[in-house]
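Visitor: Could you have a look at this structure, given as structure tokens, before my questions?
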Amino acid sequence: MGPVVETNIGFIETYVDPLGTSAEFEGFVAVVDKKISGLFNTLVDRAEELIAYLPWDRQFEKEKFSKPDFTNLDIVAFGGPSVPIGINIPNYDDIRMNFGFKNVNLGNAYPKPNKSTIQFLKEDDIDIYCKYQNDSLTLIVALHELLGHGTGKLLIKDAETGELNYPSDFKNPFTGEAITTHYLSTETWG
């Protein structure tokens, strides 16, 4: 049984920095939504089934999927330049790969659709959009946080030994050509 109140403080998101390296300091206090968190935990439990349906070779996935803690939070207070709708903690791939991670969905931070500002939809579709927008966004965020952050493997060449963490004859699934670029073990995606 997890906590009822969760907090986090530190340098988390790098969205505003054009280089994507300098994170902004943010912090929050939130209450756990046990009902939605239970649904997310079911998603986590079945994630390995879903991973098999992803449209690329298994070699692009981490060798072992680490099941994260996945919680739906209702924000009570958020200090920072903006409130995201989902967070992957920590946002460092090497820590996620070696130690695990936590996903949080900030359910009450979703923008509410306003019929008067919706453009480019037929009048008949606006009510459907407004009715299902938050539920569909919850699913999109859940899949992004769980599968997007949790499954893919960075292709890395060890800076000292030259060893690759992928087969040397690995093919780009889009071009069919050999993979020619990767990160060095001393680099990160940021």
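Residue numbers start at 1 in each chain; chains themselves are named A, B, ... in the order of the structure tokens; ligands are numbered from 1 in the order shown.
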Set the distance at 12 Å and use only C-alpha atoms: which residues neighbour Ala142 of chain A once local chain neighbours fewer than 5 positions away are removed? I'd like the list as number ranges by chain.
Guide: A: 36-37, 39-44, 47, 68-72, 85-88, 102-107, 135-137, 147-150
Visitor: Could you dump the residues just selected with N, CA and C atoms as a compact mmCIF listing (two decimals), in the first residue's frame?
Guide:
# COMPACT_ATOMS: atom_id res chain seq x y z
N ILE A 36 -7.80 5.44 -9.81
CA ILE A 36 -7.08 5.51 -11.09
C ILE A 36 -5.71 4.86 -10.94
N SER A 37 -5.06 5.03 -9.79
CA SER A 37 -3.77 4.38 -9.57
C SER A 37 -3.90 2.87 -9.67
N LEU A 39 -5.96 1.27 -11.62
CA LEU A 39 -6.01 0.98 -13.06
C LEU A 39 -4.62 1.05 -13.68
N PHE A 40 -3.83 2.05 -13.26
CA PHE A 40 -2.46 2.16 -13.77
C PHE A 40 -1.62 0.96 -13.36
N ASN A 41 -1.84 0.46 -12.15
CA ASN A 41 -1.08 -0.71 -11.71
C ASN A 41 -1.45 -1.95 -12.52
N THR A 42 -2.71 -2.06 -12.94
CA THR A 42 -3.09 -3.14 -13.85
C THR A 42 -2.36 -2.99 -15.17
N LEU A 43 -2.27 -1.77 -15.67
CA LEU A 43 -1.53 -1.50 -16.90
C LEU A 43 -0.06 -1.90 -16.74
N VAL A 44 0.54 -1.56 -15.62
CA VAL A 44 1.94 -1.93 -15.36
C VAL A 44 2.08 -3.46 -15.34
N ALA A 47 2.05 -4.70 -18.84
CA ALA A 47 2.90 -3.96 -19.78
C ALA A 47 3.70 -4.87 -20.69
N PRO A 68 7.62 0.01 -13.11
CA PRO A 68 7.68 1.19 -12.23
C PRO A 68 6.49 1.23 -11.28
N ASP A 69 6.60 2.08 -10.30
CA ASP A 69 5.44 2.47 -9.53
C ASP A 69 4.71 3.48 -10.42
N PHE A 70 3.41 3.36 -10.55
CA PHE A 70 2.65 4.28 -11.41
C PHE A 70 1.45 4.77 -10.63
N THR A 71 1.40 6.06 -10.40
CA THR A 71 0.41 6.64 -9.52
C THR A 71 -0.32 7.79 -10.21
N ASN A 72 -1.61 7.91 -9.94
CA ASN A 72 -2.37 9.08 -10.39
C ASN A 72 -2.45 10.03 -9.21
N ILE A 85 1.42 17.29 -17.29
CA ILE A 85 0.30 16.39 -17.01
C ILE A 85 0.78 14.99 -16.66
N GLY A 86 2.07 14.75 -16.83
CA GLY A 86 2.66 13.48 -16.43
C GLY A 86 4.14 13.69 -16.21
N ILE A 87 4.72 12.90 -15.30
CA ILE A 87 6.14 13.03 -15.00
C ILE A 87 6.74 11.64 -14.87
N ASN A 88 7.93 11.47 -15.43
CA ASN A 88 8.73 10.27 -15.23
C ASN A 88 9.86 10.66 -14.29
N LYS A 102 9.66 5.85 -11.53
CA LYS A 102 8.29 6.04 -11.09
C LYS A 102 7.59 6.91 -12.12
N ASN A 103 6.36 6.55 -12.44
CA ASN A 103 5.53 7.38 -13.31
C ASN A 103 4.43 8.01 -12.48
N VAL A 104 4.15 9.28 -12.75
CA VAL A 104 3.00 9.92 -12.12
C VAL A 104 2.18 10.61 -13.20
N ASN A 105 0.90 10.46 -13.08
CA ASN A 105 -0.07 11.14 -13.94
C ASN A 105 -0.72 12.20 -13.07
N LEU A 106 -0.70 13.45 -13.52
CA LEU A 106 -1.28 14.54 -12.74
C LEU A 106 -2.69 14.81 -13.25
N GLY A 107 -3.60 13.96 -12.81
CA GLY A 107 -4.96 13.91 -13.35
C GLY A 107 -5.74 15.20 -13.29
N ASP A 135 -10.46 11.41 -20.67
CA ASP A 135 -10.21 9.97 -20.57
C ASP A 135 -9.17 9.52 -21.59
N SER A 136 -9.29 10.03 -22.81
CA SER A 136 -8.32 9.63 -23.83
C SER A 136 -6.94 10.21 -23.53
N LEU A 137 -6.88 11.42 -23.00
CA LEU A 137 -5.60 12.01 -22.63
C LEU A 137 -4.95 11.21 -21.49
N LEU A 147 5.30 3.12 -21.38
CA LEU A 147 6.00 2.48 -22.49
C LEU A 147 7.05 3.39 -23.11
N GLY A 148 6.74 4.67 -23.22
CA GLY A 148 7.69 5.60 -23.83
C GLY A 148 8.97 5.72 -23.02
N HIS A 149 8.84 5.92 -21.72
CA HIS A 149 10.03 6.05 -20.88
C HIS A 149 10.56 4.70 -20.42
N GLY A 150 9.72 3.70 -20.41
CA GLY A 150 10.11 2.45 -19.77
C GLY A 150 10.66 1.36 -20.65
Visitor: Would you list the contacts of segment 167-180 of chain A as an MDAnalysis selection string, taking every protein, DNA or RNA residue within 10 Å and counting only C-alpha atoms, but skipping same-chain residues closer than 6 positions in sequence?
Guide: chainID A and resid 55:57 59:60 155
Visitor: May I have the selected residues written with N, CA and C atoms, as a PDB file, in the first residue's frame?
Guide:
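Now in result11.pdb:
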ATOM      1  N   PRO A  55       5.713  -1.663 -32.624  1.00  0.00           N
ATOM      2  CA  PRO A  55       6.042  -1.920 -34.038  1.00  0.00           C
ATOM      3  C   PRO A  55       7.528  -1.902 -34.389  1.00  0.00           C
ATOM      4  N   TRP A  56       8.386  -2.465 -33.541  1.00  0.00           N
ATOM      5  CA  TRP A  56       9.793  -2.558 -33.857  1.00  0.00           C
ATOM      6  C   TRP A  56      10.358  -3.820 -33.230  1.00  0.00           C
ATOM      7  N   ASP A  57      11.559  -4.151 -33.643  1.00  0.00           N
ATOM      8  CA  ASP A  57      12.220  -5.363 -33.185  1.00  0.00           C
ATOM      9  C   ASP A  57      12.487  -5.317 -31.688  1.00  0.00           C
ATOM     10  N   GLN A  59      14.966  -6.096 -30.133  1.00  0.00           N
ATOM     11  CA  GLN A  59      16.324  -5.647 -29.811  1.00  0.00           C
ATOM     12  C   GLN A  59      16.395  -4.152 -29.511  1.00  0.00           C
ATOM     13  N   PHE A  60      15.352  -3.405 -29.872  1.00  0.00           N
ATOM     14  CA  PHE A  60      15.317  -1.976 -29.548  1.00  0.00           C
ATOM     15  C   PHE A  60      14.794  -1.739 -28.131  1.00  0.00           C
ATOM     16  N   LEU A 155      21.043   3.234 -27.728  1.00  0.00           N
ATOM     17  CA  LEU A 155      22.126   2.490 -28.366  1.00  0.00           C
ATOM     18  C   LEU A 155      23.440   3.139 -27.955  1.00  0.00           C
TER      19      LEU A 155
END
Visitor: Extract, using only C-alpha atoms, all DNA, RNA and protein residues at most 7 Å from segment 3-13 of chain A, discarding same-chain residues fewer than 6 positions from it, and format them as a VMD selection string.
Guide: chain A and resid 23 to 32 91
Visitor: Can you measure atom CA of Ser185 of chain A to atom CA of Thr14 of chain A for me? One decimal in Å is fine.
Guide: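 Distance between the two atoms: 21.1 Å.
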Visitor: For Glu63 of chain A, work out the shell of residues within 10 Å, counting only C-alpha atoms and skipping chain neighbours fewer than 5 positions away, then give it as a count of residues only.
Guide: 5
Visitor: When DSSP is applied to the backbone of this structure, which of segment 3-96 of chain A are assigned strand (DSSP E)? Write them out as a ChimeraX atom specification.
Guide: /A:5-11,25-32,69-79,86-89
Visitor: Which of these, A:Glu187, A:Asp74, A:Asp127, A:Asp158, has the shortest distance to Lys34 of chain A once you count only C-alpha atoms?
Guide: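 For Lys34 of chain A, the nearest of the candidates is A:Asp74.
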Visitor: Can you tell me how far atom CA of Glu61 of chain A sits from atom CA of Leu154 of chain A, in Å to one decimal?
Guide: 8.7 Å
Visitor: Which one of A:Glu163, A:Lys112, A:Phe65, A:Ser82 sits closest to Gly100 of chain A if you count only C-alpha atoms?
Guide: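 Checking each candidate against Gly100 of chain A, we get A:Phe65 as the closest.
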Visitor: Please report the interatomic distance between atom CA of Pro113 of chain A and atom CA of Val16 of chain A in Å with one decimal.
Guide: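 Rounded to one decimal, the two atoms are 24.7 Å apart.
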Visitor: Taking into account only C-alpha atoms, which residue in the set A:Cys130, A:Leu121, A:Leu146, A:Ile51 is nearest to Lys67 of chain A?
Guide: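 The closest residue to Lys67 of chain A is A:Leu146.
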Visitor: If DSSP is run on the backbone, what residues of segment 65-190 of chain A are alpha helix (DSSP H)? A reply as a PyMOL selection string would be ideal.
Guide: chain A and resi 93-99+123-143+149-150
